[in-house]
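What follows is the content of final_19.pdb (PDB, C-alpha atoms).
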ATOM      1  CA  MET M  12    -145.529 194.582 -59.055
ATOM      2  CA  GLY M  13    -144.077 197.408 -57.037
ATOM      3  CA  ALA M  14    -140.408 198.154 -56.392
ATOM      4  CA  ASP M  15    -140.302 195.643 -53.530
ATOM      5  CA  PRO M  16    -143.070 193.104 -54.189
ATOM      6  CA  SER M  17    -144.434 190.956 -51.396
ATOM      7  CA  ASP M  18    -143.854 187.213 -51.332
ATOM      8  CA  GLY M  19    -147.477 186.732 -52.334
ATOM      9  CA  GLU M  20    -147.042 188.965 -55.387
ATOM     10  CA  LEU M  21    -143.869 187.108 -56.336
ATOM     11  CA  LEU M  22    -145.556 183.732 -55.954
ATOM     12  CA  ARG M  23    -148.454 184.852 -58.139
ATOM     13  CA  ALA M  24    -145.897 185.867 -60.776
ATOM     14  CA  VAL M  25    -144.081 182.537 -60.384
ATOM     15  CA  ALA M  26    -147.399 180.790 -60.986
ATOM     16  CA  THR M  27    -147.514 182.453 -64.416
ATOM     17  CA  GLY M  28    -144.012 181.172 -65.238
ATOM     18  CA  ASP M  29    -142.028 184.269 -64.264
ATOM     19  CA  ALA M  30    -138.493 182.981 -63.599
ATOM     20  CA  GLN M  31    -137.346 186.441 -62.438
ATOM     21  CA  ALA M  32    -139.948 186.338 -59.673
ATOM     22  CA  LEU M  33    -138.588 182.970 -58.549
ATOM     23  CA  ALA M  34    -135.073 184.435 -58.597
ATOM     24  CA  ALA M  35    -136.287 187.300 -56.406
ATOM     25  CA  LEU M  36    -137.816 184.827 -53.935
ATOM     26  CA  TYR M  37    -134.574 182.849 -53.952
ATOM     27  CA  ASP M  38    -132.518 185.973 -53.283
ATOM     28  CA  ARG M  39    -134.874 186.944 -50.468
ATOM     29  CA  HIS M  40    -135.091 183.574 -48.697
ATOM     30  CA  ALA M  41    -132.221 181.268 -49.674
ATOM     31  CA  GLY M  42    -129.706 182.795 -47.250
ATOM     32  CA  TRP M  43    -131.717 182.330 -44.078
ATOM     33  CA  LEU M  44    -133.020 178.958 -45.232
ATOM     34  CA  HIS M  45    -129.493 177.729 -45.966
ATOM     35  CA  ALA M  46    -128.348 178.875 -42.519
ATOM     36  CA  ARG M  47    -131.290 177.160 -40.826
ATOM     37  CA  LEU M  48    -130.760 173.911 -42.733
ATOM     38  CA  THR M  49    -127.029 173.962 -41.979
ATOM     39  CA  ARG M  50    -127.756 174.183 -38.249
ATOM     40  CA  ARG M  51    -129.922 171.050 -38.526
ATOM     41  CA  CYS M  52    -127.823 169.004 -40.954
ATOM     42  CA  GLN M  53    -124.049 168.645 -41.098
ATOM     43  CA  ASP M  54    -123.964 167.279 -44.670
ATOM     44  CA  PRO M  55    -123.481 170.190 -47.113
ATOM     45  CA  GLU M  56    -124.708 168.117 -50.073
ATOM     46  CA  THR M  57    -127.973 167.328 -48.304
ATOM     47  CA  VAL M  58    -128.401 171.007 -47.442
ATOM     48  CA  ARG M  59    -127.885 171.989 -51.102
ATOM     49  CA  GLU M  60    -130.352 169.342 -52.280
ATOM     50  CA  VAL M  61    -133.038 170.383 -49.799
ATOM     51  CA  LEU M  62    -132.564 174.048 -50.693
ATOM     52  CA  GLN M  63    -132.884 173.245 -54.391
ATOM     53  CA  ASP M  64    -135.909 171.009 -53.806
ATOM     54  CA  THR M  65    -137.572 173.795 -51.836
ATOM     55  CA  PHE M  66    -137.386 176.249 -54.712
ATOM     56  CA  VAL M  67    -138.298 173.645 -57.348
ATOM     57  CA  THR M  68    -141.392 172.915 -55.257
ATOM     58  CA  ALA M  69    -142.147 176.640 -55.022
ATOM     59  CA  TRP M  70    -141.934 176.820 -58.830
ATOM     60  CA  ARG M  71    -144.238 173.851 -59.314
ATOM     61  CA  THR M  72    -146.837 174.757 -56.696
ATOM     62  CA  ALA M  73    -146.881 178.572 -56.734
ATOM     63  CA  GLY M  74    -150.431 178.589 -58.081
ATOM     64  CA  ALA M  75    -151.679 176.905 -54.910
ATOM     65  CA  HIS M  76    -150.228 179.568 -52.596
ATOM     66  CA  ARG M  77    -152.937 181.183 -50.459
ATOM     67  CA  GLY M  78    -151.261 184.521 -49.840
ATOM     68  CA  GLY M  79    -149.035 185.886 -47.133
ATOM     69  CA  GLU M  80    -145.310 185.462 -46.815
ATOM     70  CA  ALA M  81    -143.392 182.555 -48.275
ATOM     71  CA  GLY M  82    -140.934 182.185 -45.401
ATOM     72  CA  GLY M  83    -141.690 179.750 -42.667
TER      73      GLY M  83
END
If you convert what's in this file into structure tokens, what do you get?
Amino acid sequence: MGADPSDGELLRAVATGDAQALAALYDRHAGWLHARLTRRCQDPETVREVLQDTFVTAWRTAGAHRGGEAGG
């Protein structure tokens, strides 16, 4: 991976069990995702759970990613 790997490169690394790649994805996307979830849900605990579930799902399903960016 280069100095600033793409989401696709990170997800391919996550698929091999690379926890640092998942941490990089988290650092890249958790902030905006948290802000977006907070605008839609007033319960901070629910927001934390959904954010955690999102990245657990990314960990579990990274091998099925078809390329492109991870953000939605």
The residue from M:Ala24, M:Leu33, M:Ala46, M:Ala14 with the smallest atom-to-atom distance to M:Phe66, counting all atoms listed in the file, is M:Leu33
### Message
So the first atom is atom CA of M:Arg23 and the second is atom CA of M:His76; what is the distance between them in Å, to one decimal place?
### Response
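Atom CA of M:Arg23 sits 7.9 Å away from atom CA of M:His76.
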Across M:Arg77, M:Ser17, M:Tyr37, M:Arg51, the smallest distance to M:Thr65, with all atoms listed in the file counted, is shown by M:Tyr37
Do you know which residues the PyMOL selection byres ((chain M and resi 48) around 12) returns on this file, as an NGL selection string?
-> :M and (41-47 or 49-63 or 65)
Task: Interatomic distance (Å, one decimal) between atom CA of M:Arg71 and atom CA of M:Pro16 - done: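 Interatomic distance here is 20.0 Å.
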*atom CA of M:Ala75 to atom CA of M:Asp38: how many Å, to one decimal?*
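Between atom CA of M:Ala75 and atom CA of M:Asp38 the gap works out to 21.3 Å.
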Excluding same-chain residues fewer than 6 positions from M:Ala34, what lies within 12 Å of it counting all atoms listed in the file, as a PyMOL selection string? chain M and resi 18+21-22+24-25+28+40-41+66-67+69-70
